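Visitor: Input structure: structure.tsv, which contains TSV, C-alpha atoms.
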```
chain	number	residue	atom	x	y	z
S	1	MET	CA	10.09	22.75	24.02
S	2	LYS	CA	10.17	18.98	24.05
S	3	LEU	CA	6.95	17.04	24.32
S	4	GLN	CA	7.18	13.89	26.38
S	5	CYS	CA	4.97	10.86	25.97
S	6	SER	CA	4.53	8.52	28.87
S	7	THR	CA	5.59	5.00	28.17
S	8	SER	CA	4.94	1.69	29.77
S	9	GLN	CA	8.34	0.11	30.00
S	10	GLY	CA	7.73	-2.78	32.31
S	11	ALA	CA	6.33	-2.93	35.80
S	12	ALA	CA	7.75	-3.86	39.15
S	13	PRO	CA	7.64	-7.56	39.87
S	14	GLY	CA	4.26	-8.66	41.11
S	15	GLU	CA	2.42	-6.17	38.94
S	16	ALA	CA	0.49	-7.45	35.98
S	17	ASP	CA	2.29	-6.33	32.88
S	18	ASP	CA	2.22	-7.43	29.27
S	19	THR	CA	6.00	-7.13	29.01
S	20	SER	CA	6.47	-10.36	30.91
S	21	ARG	CA	4.45	-12.24	28.28
S	22	GLN	CA	5.12	-10.27	25.11
S	23	PRO	CA	8.45	-10.36	23.36
S	24	VAL	CA	10.79	-7.69	24.62
S	25	LYS	CA	13.23	-5.87	22.37
S	26	PHE	CA	16.81	-5.84	23.62
S	27	GLY	CA	19.73	-3.66	22.58
S	28	ILE	CA	23.11	-5.17	23.48
S	29	LEU	CA	26.33	-3.19	23.92
S	30	VAL	CA	29.56	-5.24	24.03
S	31	SER	CA	32.39	-3.10	25.33
S	32	GLU	CA	35.30	-5.51	25.53
S	33	GLY	CA	37.17	-7.72	23.12
S	34	PRO	CA	37.14	-11.49	22.91
S	35	TYR	CA	38.90	-13.63	25.53
S	36	THR	CA	40.53	-10.89	27.63
S	37	HIS	CA	37.29	-10.22	29.47
S	38	GLN	CA	34.20	-12.34	30.00
S	39	ALA	CA	31.96	-9.57	28.68
S	40	SER	CA	31.61	-10.94	25.15
S	41	ASP	CA	30.85	-14.43	26.45
S	42	THR	CA	28.21	-13.20	28.88
S	43	ALA	CA	26.66	-11.01	26.19
S	44	TYR	CA	26.54	-14.00	23.84
S	45	HIS	CA	24.85	-16.30	26.38
S	46	PHE	CA	22.36	-13.59	27.31
S	47	THR	CA	21.58	-12.96	23.64
S	48	ALA	CA	21.13	-16.64	22.88
S	49	ALA	CA	18.88	-17.07	25.94
S	50	ALA	CA	16.82	-14.02	24.98
S	51	LEU	CA	16.28	-15.37	21.48
S	52	GLY	CA	15.47	-18.81	22.88
S	53	SER	CA	12.85	-17.21	25.10
S	54	GLY	CA	11.19	-15.59	22.10
S	55	HIS	CA	12.51	-12.07	22.54
S	56	GLU	CA	13.94	-9.81	19.87
S	57	ILE	CA	17.43	-8.39	19.55
S	58	VAL	CA	17.37	-4.93	17.97
S	59	ARG	CA	21.13	-4.79	17.51
S	60	ILE	CA	24.38	-5.94	19.02
S	61	PHE	CA	26.73	-2.97	19.04
S	62	PHE	CA	30.44	-3.47	19.65
S	63	TYR	CA	32.33	-0.50	21.13
S	64	HIS	CA	35.71	0.22	22.76
S	65	ASP	CA	37.79	-2.97	22.46
S	66	GLY	CA	34.54	-4.80	21.71
S	67	VAL	CA	35.23	-4.12	18.04
S	68	ASN	CA	37.90	-6.82	18.21
S	69	ASN	CA	35.15	-9.42	18.38
S	70	GLY	CA	34.80	-8.69	14.66
S	71	THR	CA	38.29	-9.72	13.59
S	72	SER	CA	38.63	-12.13	10.69
S	73	LEU	CA	42.12	-13.10	11.80
S	74	GLY	CA	41.45	-14.78	15.13
S	75	VAL	CA	42.96	-18.27	15.50
S	76	PRO	CA	42.07	-19.37	19.02
S	77	PRO	CA	43.08	-22.84	20.27
S	78	GLN	CA	41.03	-25.63	18.72
S	79	ASP	CA	39.75	-26.89	22.05
S	80	ASP	CA	38.23	-23.56	23.05
S	81	ARG	CA	35.29	-21.56	21.79
S	82	ASN	CA	35.77	-19.37	18.76
S	83	ILE	CA	34.07	-16.20	19.93
S	84	THR	CA	33.93	-14.47	16.54
S	85	THR	CA	32.55	-17.53	14.77
S	86	ARG	CA	30.04	-18.13	17.54
S	87	TRP	CA	28.67	-14.60	17.17
S	88	ARG	CA	28.57	-14.94	13.38
S	89	GLU	CA	26.66	-18.21	13.55
S	90	LEU	CA	24.11	-16.83	16.01
S	91	ALA	CA	23.67	-13.75	13.82
S	92	GLU	CA	23.18	-15.87	10.69
S	93	LYS	CA	20.67	-18.16	12.39
S	94	HIS	CA	18.57	-15.29	13.74
S	95	ASN	CA	19.30	-12.58	11.18
S	96	LEU	CA	20.88	-10.33	13.80
S	97	ASP	CA	22.34	-6.90	13.16
S	98	MET	CA	25.88	-6.92	14.60
S	99	VAL	CA	27.57	-3.55	14.30
S	100	LEU	CA	31.16	-2.55	14.98
S	101	CYS	CA	31.61	1.14	15.75
S	102	ILE	CA	33.60	2.56	12.85
S	103	THR	CA	35.59	5.09	14.90
S	104	ALA	CA	36.52	2.58	17.60
S	105	ALA	CA	37.36	-0.02	14.94
S	106	GLN	CA	39.63	2.21	12.91
S	107	ARG	CA	41.38	3.43	16.03
S	108	ARG	CA	42.20	-0.19	16.87
S	109	GLY	CA	43.04	-1.40	13.37
S	110	LEU	CA	39.86	-3.30	12.59
S	111	LEU	CA	39.16	-2.37	8.99
S	112	ASP	CA	36.44	-3.27	6.53
S	113	PRO	CA	37.56	-3.38	2.87
S	114	ASP	CA	36.38	0.18	2.09
S	115	ALA	CA	38.16	1.68	5.07
S	116	ALA	CA	41.31	-0.29	4.26
S	117	LYS	CA	41.30	0.98	0.68
S	118	ARG	CA	40.72	4.59	1.76
S	119	ALA	CA	43.54	4.36	4.28
S	120	GLY	CA	45.91	2.80	1.77
S	121	LYS	CA	46.21	-0.45	3.74
S	122	ASP	CA	46.94	-3.64	1.83
S	123	THR	CA	44.43	-5.75	3.70
S	124	SER	CA	41.18	-5.61	5.59
S	125	ASN	CA	40.33	-7.77	8.59
S	126	MET	CA	36.64	-7.52	9.38
S	127	ALA	CA	34.90	-10.86	9.82
S	128	GLN	CA	31.82	-11.94	7.87
S	129	GLY	CA	28.55	-11.31	9.61
S	130	PHE	CA	29.56	-7.97	11.10
S	131	ASN	CA	28.60	-4.55	9.79
S	132	ILE	CA	30.50	-1.36	10.39
S	133	SER	CA	28.71	1.85	11.20
S	134	GLY	CA	28.65	4.95	13.36
S	135	LEU	CA	27.67	5.56	16.97
S	136	GLY	CA	24.26	6.65	15.76
S	137	GLN	CA	23.42	2.95	15.50
S	138	LEU	CA	24.06	2.54	19.22
S	139	ILE	CA	21.79	5.46	20.05
S	140	ASP	CA	19.19	4.11	17.64
S	141	ALA	CA	19.35	0.76	19.42
S	142	GLY	CA	18.61	2.57	22.68
S	143	ILE	CA	15.65	4.30	21.09
S	144	GLN	CA	14.21	1.17	19.43
S	145	ALA	CA	14.77	-1.27	22.27
S	146	ASP	CA	12.71	-1.80	25.41
S	147	ARG	CA	15.90	-2.56	27.35
S	148	LEU	CA	19.57	-1.82	26.71
S	149	LEU	CA	22.22	-3.99	28.39
S	150	VAL	CA	25.89	-3.14	28.65
S	151	PHE	CA	28.47	-5.94	28.88
S	152	GLY	CA	31.91	-4.61	29.77
S	153	ASP	CA	34.74	-4.71	32.20
X	1	MET	CA	9.14	0.97	38.21
X	2	SER	CA	12.44	-0.46	39.38
X	3	VAL	CA	15.90	-0.93	37.99
X	4	LEU	CA	17.88	-4.15	37.61
X	5	HIS	CA	21.41	-3.44	38.82
X	6	ILE	CA	24.09	-5.77	37.46
X	7	ILE	CA	27.54	-6.06	39.03
X	8	ASN	CA	30.26	-8.04	37.27
X	9	LYS	CA	33.49	-7.36	39.19
X	10	SER	CA	34.73	-8.87	42.39
X	11	PRO	CA	34.12	-6.69	45.48
X	12	PHE	CA	37.75	-7.27	46.41
X	13	GLU	CA	38.99	-5.88	43.10
X	14	LYS	CA	36.70	-2.91	42.46
X	15	ASN	CA	34.32	-0.66	44.31
X	16	SER	CA	31.37	-1.42	42.04
X	17	LEU	CA	29.45	-3.35	44.72
X	18	ASP	CA	29.81	-0.44	47.16
X	19	THR	CA	28.76	2.13	44.58
X	20	CYS	CA	25.80	0.03	43.53
X	21	LEU	CA	24.63	-0.45	47.11
X	22	ARG	CA	24.98	3.27	47.77
X	23	LEU	CA	22.83	4.21	44.78
X	24	ALA	CA	20.35	1.37	44.27
X	25	LYS	CA	16.89	2.28	45.55
X	26	LYS	CA	15.05	0.00	47.91
X	27	GLY	CA	13.01	-2.50	45.92
X	28	SER	CA	15.36	-2.57	42.95
X	29	ALA	CA	17.05	-5.84	42.04
X	30	ILE	CA	20.72	-6.70	42.10
X	31	LEU	CA	22.21	-9.42	39.92
X	32	LEU	CA	25.76	-10.65	40.52
X	33	ILE	CA	27.48	-12.03	37.42
X	34	GLU	CA	31.01	-12.98	36.36
X	35	ASP	CA	33.54	-12.18	39.10
X	36	ALA	CA	30.93	-10.40	41.22
X	37	ILE	CA	29.56	-13.76	42.31
X	38	TYR	CA	32.31	-13.91	44.92
X	39	ALA	CA	30.27	-11.28	46.77
X	40	ALA	CA	27.52	-13.87	47.21
X	41	GLN	CA	29.54	-16.08	49.51
X	42	LYS	CA	29.07	-16.38	53.24
X	43	ASN	CA	31.96	-15.50	55.53
X	44	THR	CA	33.69	-12.94	53.36
X	45	ALA	CA	34.61	-9.42	54.42
X	46	VAL	CA	31.61	-8.14	52.43
X	47	ALA	CA	29.07	-10.67	53.69
X	48	ASP	CA	27.50	-8.13	56.07
X	49	LYS	CA	26.93	-5.74	53.17
X	50	ILE	CA	25.29	-8.46	51.14
X	51	ILE	CA	23.10	-9.57	54.02
X	52	ALA	CA	21.98	-5.96	54.44
X	53	ALA	CA	21.37	-5.77	50.69
X	54	VAL	CA	19.16	-8.86	50.76
X	55	ALA	CA	16.87	-7.03	53.20
X	56	ARG	CA	16.41	-4.09	50.80
X	57	HIS	CA	16.61	-5.67	47.37
X	58	SER	CA	15.91	-8.87	45.50
X	59	VAL	CA	19.43	-10.22	45.06
X	60	PHE	CA	20.34	-12.79	42.44
X	61	ALA	CA	23.50	-14.54	41.31
X	62	LEU	CA	24.17	-16.15	37.94
X	63	ALA	CA	24.58	-19.86	38.64
X	64	PRO	CA	26.86	-20.70	35.69
X	65	ASP	CA	29.34	-18.11	36.98
X	66	LEU	CA	29.32	-19.68	40.47
X	67	ASP	CA	29.83	-23.15	39.01
X	68	ALA	CA	32.69	-21.93	36.83
X	69	ARG	CA	34.46	-20.57	39.90
X	70	GLY	CA	33.90	-23.62	42.09
X	71	ILE	CA	31.47	-21.87	44.43
X	72	ASP	CA	28.92	-24.25	45.85
X	73	GLU	CA	25.31	-23.15	46.28
X	74	SER	CA	25.46	-24.09	49.96
X	75	THR	CA	28.07	-21.39	50.58
X	76	VAL	CA	25.86	-18.62	49.21
X	77	VAL	CA	24.33	-16.07	51.57
X	78	ASP	CA	20.72	-16.88	52.47
X	79	GLY	CA	18.18	-14.96	50.48
X	80	ILE	CA	20.23	-14.78	47.28
X	81	SER	CA	18.41	-16.56	44.46
X	82	LEU	CA	20.37	-18.33	41.75
X	83	VAL	CA	19.36	-17.85	38.14
X	84	ASP	CA	20.56	-19.20	34.82
X	85	TYR	CA	20.82	-17.15	31.60
X	86	GLU	CA	17.09	-17.58	30.96
X	87	GLY	CA	16.47	-16.20	34.44
X	88	PHE	CA	18.83	-13.32	33.66
X	89	VAL	CA	16.73	-12.55	30.59
X	90	ARG	CA	13.55	-12.77	32.63
X	91	LEU	CA	14.92	-10.30	35.19
X	92	ALA	CA	15.82	-7.89	32.41
X	93	THR	CA	12.21	-7.98	31.21
X	94	GLU	CA	10.68	-7.64	34.68
X	95	TYR	CA	12.57	-4.49	35.67
X	96	HIS	CA	12.10	-1.37	33.62
X	97	ALA	CA	15.74	-0.52	32.96
X	98	VAL	CA	19.13	-2.16	33.41
X	99	GLN	CA	22.17	-0.53	35.01
X	100	SER	CA	25.54	-2.30	34.62
X	101	TRP	CA	28.03	-1.29	37.32
X	102	LEU	CA	31.21	-2.21	35.47
B	1	MET	CA	4.27	11.21	18.22
B	2	PRO	CA	7.85	9.97	18.53
B	3	GLN	CA	8.61	8.82	22.03
B	4	ILE	CA	11.35	10.63	23.94
B	5	LYS	CA	13.33	8.44	26.29
B	6	LYS	CA	15.46	9.30	29.26
B	7	PHE	CA	19.04	8.43	28.39
B	8	LEU	CA	21.66	8.41	31.14
B	9	TYR	CA	25.39	8.15	30.48
B	10	VAL	CA	27.22	6.92	33.59
B	11	ASN	CA	30.93	7.69	33.89
B	12	ARG	CA	32.96	6.07	36.67
B	13	LYS	CA	36.50	6.03	35.34
B	14	ALA	CA	39.26	8.62	35.43
B	15	PRO	CA	40.40	10.25	32.19
B	16	HIS	CA	43.59	9.33	30.30
B	17	GLY	CA	44.46	6.14	32.19
B	18	SER	CA	42.01	4.41	29.88
B	19	ILE	CA	39.98	5.38	26.82
B	20	TYR	CA	36.53	5.02	28.38
B	21	ALA	CA	36.14	8.70	29.29
B	22	LEU	CA	36.94	9.89	25.77
B	23	GLU	CA	34.85	7.26	23.99
B	24	SER	CA	31.94	7.91	26.35
B	25	LEU	CA	32.02	11.59	25.43
B	26	GLU	CA	32.01	10.62	21.74
B	27	VAL	CA	28.77	8.69	22.26
B	28	VAL	CA	27.23	11.62	24.14
B	29	LEU	CA	28.04	14.04	21.32
B	30	VAL	CA	26.62	11.77	18.61
B	31	GLY	CA	23.61	10.99	20.77
B	32	ALA	CA	22.81	14.68	21.17
B	33	ALA	CA	21.45	14.77	17.62
B	34	PHE	CA	18.72	12.28	18.50
B	35	ASP	CA	16.64	14.64	20.67
B	36	GLN	CA	16.26	12.37	23.67
B	37	ASP	CA	16.16	13.52	27.30
B	38	VAL	CA	19.88	13.22	28.06
B	39	SER	CA	21.63	13.26	31.44
B	40	LEU	CA	25.21	12.52	32.38
B	41	ALA	CA	26.31	11.14	35.74
B	42	PHE	CA	29.85	11.28	37.07
B	43	ILE	CA	30.44	8.87	39.94
B	44	ASP	CA	33.54	7.44	41.66
B	45	ASP	CA	36.66	8.24	39.59
B	46	GLY	CA	34.40	9.59	36.83
B	47	VAL	CA	34.38	12.94	38.67
B	48	TYR	CA	38.04	13.34	37.70
B	49	GLN	CA	36.98	13.70	34.06
B	50	LEU	CA	35.59	17.15	34.87
B	51	MET	CA	38.65	18.53	36.64
B	52	LEU	CA	40.04	21.90	35.62
B	53	ASN	CA	43.51	22.49	34.25
B	54	GLN	CA	44.14	19.20	32.53
B	55	ASN	CA	47.35	19.47	30.50
B	56	THR	CA	48.22	16.35	28.55
B	57	ASN	CA	51.31	17.66	26.74
B	58	GLY	CA	53.70	15.68	28.90
B	59	ILE	CA	51.96	12.36	28.35
B	60	GLY	CA	51.40	13.00	24.65
B	61	VAL	CA	47.71	12.18	24.49
B	62	LYS	CA	44.87	14.28	23.15
B	63	ASN	CA	43.34	16.61	25.74
B	64	PHE	CA	39.62	16.25	25.26
B	65	SER	CA	38.55	18.04	28.47
B	66	PRO	CA	37.75	21.28	26.59
B	67	THR	CA	35.04	19.32	24.78
B	68	TYR	CA	32.95	19.15	27.95
B	69	ARG	CA	32.49	22.92	27.64
B	70	ALA	CA	30.71	22.34	24.32
B	71	LEU	CA	28.04	20.10	25.83
B	72	SER	CA	25.65	23.01	26.32
B	73	ASP	CA	25.88	23.75	22.58
B	74	TYR	CA	24.37	20.29	22.12
B	75	ASP	CA	21.59	21.04	24.64
B	76	ILE	CA	23.20	18.76	27.21
B	77	ASN	CA	22.87	20.52	30.51
B	78	GLN	CA	21.79	17.87	33.01
B	79	ILE	CA	25.15	16.85	34.41
B	80	TYR	CA	25.05	15.16	37.79
B	81	VAL	CA	28.13	14.74	39.95
B	82	GLU	CA	27.86	12.59	43.06
B	83	LYS	CA	28.74	14.55	46.20
B	84	GLU	CA	30.16	11.54	48.02
B	85	SER	CA	32.49	10.76	45.11
B	86	LEU	CA	33.81	14.33	45.21
B	87	GLU	CA	34.25	14.35	48.97
B	88	LEU	CA	36.11	11.04	49.06
B	89	ARG	CA	38.56	12.56	46.60
B	90	GLY	CA	38.95	15.83	48.47
B	91	LEU	CA	37.27	17.76	45.67
B	92	LYS	CA	34.72	20.53	45.56
B	93	GLN	CA	32.61	21.84	42.69
B	94	GLU	CA	35.10	24.73	42.30
B	95	ASP	CA	37.72	22.18	41.21
B	96	LEU	CA	35.57	21.19	38.26
B	97	LEU	CA	35.02	22.80	34.87
B	98	PRO	CA	32.48	25.62	35.19
B	99	LEU	CA	30.02	24.15	32.69
B	100	THR	CA	27.06	26.41	32.01
B	101	TRP	CA	24.10	26.70	29.68
B	102	GLU	CA	21.75	29.49	28.70
B	103	ASP	CA	18.10	29.02	29.57
B	104	GLU	CA	16.02	30.50	26.76
B	105	ASP	CA	12.91	30.20	28.95
B	106	GLU	CA	14.48	32.62	31.43
B	107	ASP	CA	15.78	35.29	29.10
B	108	TRP	CA	18.96	33.34	28.33
B	109	ALA	CA	20.05	33.38	31.98
B	110	GLU	CA	23.32	31.51	32.45
B	111	LYS	CA	22.96	28.48	34.71
B	112	ASP	CA	25.23	25.73	35.97
B	113	SER	CA	25.00	22.52	33.98
B	114	ILE	CA	26.68	20.61	36.80
B	115	GLN	CA	24.53	19.71	39.77
B	116	VAL	CA	26.31	18.14	42.71
B	117	VAL	CA	23.80	15.69	44.13
B	118	SER	CA	23.65	13.35	47.08
B	119	SER	CA	23.75	9.58	46.60
B	120	GLU	CA	20.07	9.44	47.41
B	121	GLU	CA	19.19	12.08	44.81
B	122	LEU	CA	21.35	10.37	42.21
B	123	GLY	CA	19.73	7.04	42.99
B	124	ASP	CA	16.35	8.66	42.32
B	125	ILE	CA	17.63	10.03	39.02
B	126	ILE	CA	18.96	6.61	37.96
B	127	ASP	CA	15.63	5.03	38.87
B	128	LYS	CA	13.79	7.23	36.41
B	129	GLN	CA	15.91	6.39	33.36
B	130	ASP	CA	14.89	4.27	30.37
B	131	ILE	CA	18.27	3.60	28.79
B	132	ILE	CA	21.49	3.64	30.82
B	133	PHE	CA	24.96	3.49	29.28
B	134	ASN	CA	28.02	2.69	31.35
B	135	PHE	CA	31.53	3.27	30.14
```
Could the structure of this file be written out as structure tokens, please?

Guide:
Amino acid sequence: MKLQCSTSQGAAPGEADDTSRQPVKFGILVSEGPYTHQASDTAYHFTAAALGSGHEIVRIFFYHDGVNNGTSLGVPPQDDRNITTRWRELAEKHNLDMVLCITAAQRRGLLDPDAAKRAGKDTSNMAQGFNISGLGQLIDAGIQADRLLVFGD
Amino acid sequence: MSVLHIINKSPFEKNSLDTCLRLAKKGSAILLIEDAIYAAQKNTAVADKIIAAVARHSVFALAPDLDARGIDESTVVDGISLVDYEGFVRLATEYHAVQSWL
Amino acid sequence: MPQIKKFLYVNRKAPHGSIYALESLEVVLVGAAFDQDVSLAFIDDGVYQLMLNQNTNGIGVKNFSPTYRALSDYDINQIYVEKESLELRGLKQEDLLPLTWEDEDEDWAEKDSIQVVSSEELGDIIDKQDIIFNF
């Protein structure tokens, strides 16, 4: 039998609640790759605004085609934003945990050096600043965070 | 305890606005982002739905997404409040959970 | 005491035409190990994921629909299907996989995991969640 604890997870607007003044912990799920959909851009701007407002980011988890945000081989036009670099720089500045889902990444050919070696590939293509891990990290983000936001198509 | 409902697709492309309006409880908030901001305009085929939504929910639209698409504030349905990314963050803290209708 | 949260996985896309149905199920199965209060919702084209008799041989993709039958082994038995979504598609509960679970509190009585609910009921369920995934 499961025991359930009641939680205070934010109140309706107009109600006094500490959440509006205390830092809130956000989990971010990015479900689409760079450029093809606006999801990664919106997620980035939300994340940057949350950090600027003093909130905490538990983890940014990249799933489905979102894993392609972690490519080391992107060469977008010079006069446009570099989505991968932008994420990396934000993560470095704020010590963020950016995780690519390992199953989704391997399925789509996004390999960290270990995976590449195990699969007998002659190169890996995961960008600096990203970690690779399992779906448990996404669930964990949901458990640790006060709010989870999904950015997708 | 109320949910923040986020819609990101145009109401002319996908049924996400309809599904959201069918399931969002009275008093919950709706935030239009990305291509969903087209739903905020007056004089569209979905304007009546949005006007009805404004009576039941707090409805918001992400201003940078309107600007990007050339939609002027004056053409937005009355009662929809515009927010920036900081406002988006604030909404996410004020409502107890977030539901993204992709 | 560790806090248990209400996790809802919302599925609105048909299977096979895109990967979202399969990859959503993969999250659900991994998430089952974390002992949260898990519910699944199938809305709009998501109801098609639960259809009987899926045979993917002709299109050459993996048929993952049998995996839904294993959800009860992972203690996932709160599966909500929106009535309006079914009706719009000319479907009834009989067209869906007969997912069941065994209630140990009632002498292992077999019960339906799928509950067909009205939009209003589903809206109430959504309103009570802490963490909502959409695929």

Visitor: May I ask which of the residues B:Glu121, B:Glu104, B:Asp75, B:Glu23 is the closest one to B:Ser39, counting only C-alpha atoms?

Guide: B:Asp75

Visitor: Can you list, as a PyMOL selection string, every protein, DNA or RNA residue that comes within 9 Å of stretch 140-147 of chain S when you count only C-alpha atoms, leaving out same-chain residues fewer than 5 positions away?

Guide: (chain S and resi 9-10+24-28+56-61+135) or (chain X and resi 92-93+96-98) or (chain B and resi 3-5+7+31+34+36+130-132)

Visitor: Write out as a PyMOL selection string every residue belonging to chain X that has an atom at most 9 Å from any atom of chain S, counting all atoms listed in the file.

Guide: chain X and resi 1-3+8-9+27-28+33-34+85-90+92-100+102

Visitor: With 12 Å as the cut-off and all atoms listed in the file counted, what is the closest atom pair between each nearby residue of chain B and chain S? Distances in Å to one decimal, ordered by chain and number, as JSON lines.

Guide:
```
{"residue": "B:Met1", "atom": "CA", "partner": "S:Cys5", "partner_atom": "CA", "distance": 7.8}
{"residue": "B:Pro2", "atom": "CA", "partner": "S:Cys5", "partner_atom": "CA", "distance": 8.0}
{"residue": "B:Gln3", "atom": "CA", "partner": "S:Cys5", "partner_atom": "CA", "distance": 5.7}
{"residue": "B:Ile4", "atom": "CA", "partner": "S:Gln4", "partner_atom": "CA", "distance": 5.8}
{"residue": "B:Lys5", "atom": "CA", "partner": "S:Ile143", "partner_atom": "CA", "distance": 7.0}
{"residue": "B:Lys6", "atom": "CA", "partner": "S:Ile143", "partner_atom": "CA", "distance": 9.6}
{"residue": "B:Phe7", "atom": "CA", "partner": "S:Gly142", "partner_atom": "CA", "distance": 8.2}
{"residue": "B:Leu8", "atom": "CA", "partner": "S:Gly142", "partner_atom": "CA", "distance": 10.7}
{"residue": "B:Tyr9", "atom": "CA", "partner": "S:Ile139", "partner_atom": "CA", "distance": 11.4}
{"residue": "B:Val10", "atom": "CA", "partner": "S:Val150", "partner_atom": "CA", "distance": 11.3}
{"residue": "B:Arg12", "atom": "CA", "partner": "S:Asp153", "partner_atom": "CA", "distance": 11.8}
{"residue": "B:Lys13", "atom": "CA", "partner": "S:Asp153", "partner_atom": "CA", "distance": 11.3}
{"residue": "B:Ser18", "atom": "CA", "partner": "S:His64", "partner_atom": "CA", "distance": 10.4}
{"residue": "B:Ile19", "atom": "CA", "partner": "S:His64", "partner_atom": "CA", "distance": 7.8}
{"residue": "B:Tyr20", "atom": "CA", "partner": "S:His64", "partner_atom": "CA", "distance": 7.4}
{"residue": "B:Ala21", "atom": "CA", "partner": "S:His64", "partner_atom": "CA", "distance": 10.7}
{"residue": "B:Leu22", "atom": "CA", "partner": "S:His64", "partner_atom": "CA", "distance": 10.2}
{"residue": "B:Glu23", "atom": "CA", "partner": "S:His64", "partner_atom": "CA", "distance": 7.2}
{"residue": "B:Ser24", "atom": "CA", "partner": "S:His64", "partner_atom": "CA", "distance": 9.3}
{"residue": "B:Leu25", "atom": "CA", "partner": "S:Leu135", "partner_atom": "CA", "distance": 11.3}
{"residue": "B:Glu26", "atom": "CA", "partner": "S:Leu135", "partner_atom": "CA", "distance": 8.2}
{"residue": "B:Val27", "atom": "CA", "partner": "S:Leu135", "partner_atom": "CA", "distance": 6.2}
{"residue": "B:Val28", "atom": "CA", "partner": "S:Ile139", "partner_atom": "CA", "distance": 9.2}
{"residue": "B:Leu29", "atom": "CA", "partner": "S:Leu135", "partner_atom": "CA", "distance": 9.5}
{"residue": "B:Val30", "atom": "CA", "partner": "S:Gly136", "partner_atom": "CA", "distance": 6.3}
{"residue": "B:Gly31", "atom": "CA", "partner": "S:Ile139", "partner_atom": "CA", "distance": 5.9}
{"residue": "B:Ala32", "atom": "CA", "partner": "S:Ile139", "partner_atom": "CA", "distance": 9.3}
{"residue": "B:Ala33", "atom": "CA", "partner": "S:Gly136", "partner_atom": "CA", "distance": 8.8}
{"residue": "B:Phe34", "atom": "CA", "partner": "S:Ile139", "partner_atom": "CA", "distance": 7.6}
{"residue": "B:Asp35", "atom": "CA", "partner": "S:Lys2", "partner_atom": "CA", "distance": 8.5}
{"residue": "B:Gln36", "atom": "CA", "partner": "S:Ile143", "partner_atom": "CA", "distance": 8.5}
{"residue": "B:Asp37", "atom": "CA", "partner": "S:Lys2", "partner_atom": "CA", "distance": 8.7}
{"residue": "B:Val38", "atom": "CA", "partner": "S:Ile139", "partner_atom": "CA", "distance": 11.3}
{"residue": "B:Asp75", "atom": "CA", "partner": "S:Lys2", "partner_atom": "CA", "distance": 11.6}
{"residue": "B:Asp103", "atom": "CA", "partner": "S:Met1", "partner_atom": "CA", "distance": 11.6}
{"residue": "B:Glu104", "atom": "CA", "partner": "S:Met1", "partner_atom": "CA", "distance": 10.1}
{"residue": "B:Asp105", "atom": "CA", "partner": "S:Met1", "partner_atom": "CA", "distance": 9.4}
{"residue": "B:Asp127", "atom": "CA", "partner": "S:Ala12", "partner_atom": "CA", "distance": 11.9}
{"residue": "B:Lys128", "atom": "CA", "partner": "S:Gln9", "partner_atom": "CA", "distance": 11.0}
{"residue": "B:Gln129", "atom": "CA", "partner": "S:Gln9", "partner_atom": "CA", "distance": 10.4}
{"residue": "B:Asp130", "atom": "CA", "partner": "S:Arg147", "partner_atom": "CA", "distance": 7.5}
{"residue": "B:Ile131", "atom": "CA", "partner": "S:Leu148", "partner_atom": "CA", "distance": 5.9}
{"residue": "B:Ile132", "atom": "CA", "partner": "S:Leu148", "partner_atom": "CA", "distance": 7.1}
{"residue": "B:Phe133", "atom": "CA", "partner": "S:Val150", "partner_atom": "CA", "distance": 6.7}
{"residue": "B:Asn134", "atom": "CA", "partner": "S:Val150", "partner_atom": "CA", "distance": 6.8}
{"residue": "B:Phe135", "atom": "CA", "partner": "S:Gly152", "partner_atom": "CA", "distance": 7.9}
```

Visitor: I need the residues from that last selection saved to file as a compact mmCIF listing (two decimals), in the frame of the given file (with C-alpha atoms), if you can.

Guide:
```txt
# COMPACT_ATOMS: atom_id res chain seq x y z
CA MET B 1 4.27 11.21 18.22
CA PRO B 2 7.85 9.97 18.53
CA GLN B 3 8.61 8.82 22.03
CA ILE B 4 11.35 10.63 23.94
CA LYS B 5 13.33 8.44 26.29
CA LYS B 6 15.46 9.30 29.26
CA PHE B 7 19.04 8.43 28.39
CA LEU B 8 21.66 8.41 31.14
CA TYR B 9 25.39 8.15 30.48
CA VAL B 10 27.22 6.92 33.59
CA ARG B 12 32.96 6.07 36.67
CA LYS B 13 36.50 6.03 35.34
CA SER B 18 42.01 4.41 29.88
CA ILE B 19 39.98 5.38 26.82
CA TYR B 20 36.53 5.02 28.38
CA ALA B 21 36.14 8.70 29.29
CA LEU B 22 36.94 9.89 25.77
CA GLU B 23 34.85 7.26 23.99
CA SER B 24 31.94 7.91 26.35
CA LEU B 25 32.02 11.59 25.43
CA GLU B 26 32.01 10.62 21.74
CA VAL B 27 28.77 8.69 22.26
CA VAL B 28 27.23 11.62 24.14
CA LEU B 29 28.04 14.04 21.32
CA VAL B 30 26.62 11.77 18.61
CA GLY B 31 23.61 10.99 20.77
CA ALA B 32 22.81 14.68 21.17
CA ALA B 33 21.45 14.77 17.62
CA PHE B 34 18.72 12.28 18.50
CA ASP B 35 16.64 14.64 20.67
CA GLN B 36 16.26 12.37 23.67
CA ASP B 37 16.16 13.52 27.30
CA VAL B 38 19.88 13.22 28.06
CA ASP B 75 21.59 21.04 24.64
CA ASP B 103 18.10 29.02 29.57
CA GLU B 104 16.02 30.50 26.76
CA ASP B 105 12.91 30.20 28.95
CA ASP B 127 15.63 5.03 38.87
CA LYS B 128 13.79 7.23 36.41
CA GLN B 129 15.91 6.39 33.36
CA ASP B 130 14.89 4.27 30.37
CA ILE B 131 18.27 3.60 28.79
CA ILE B 132 21.49 3.64 30.82
CA PHE B 133 24.96 3.49 29.28
CA ASN B 134 28.02 2.69 31.35
CA PHE B 135 31.53 3.27 30.14
```
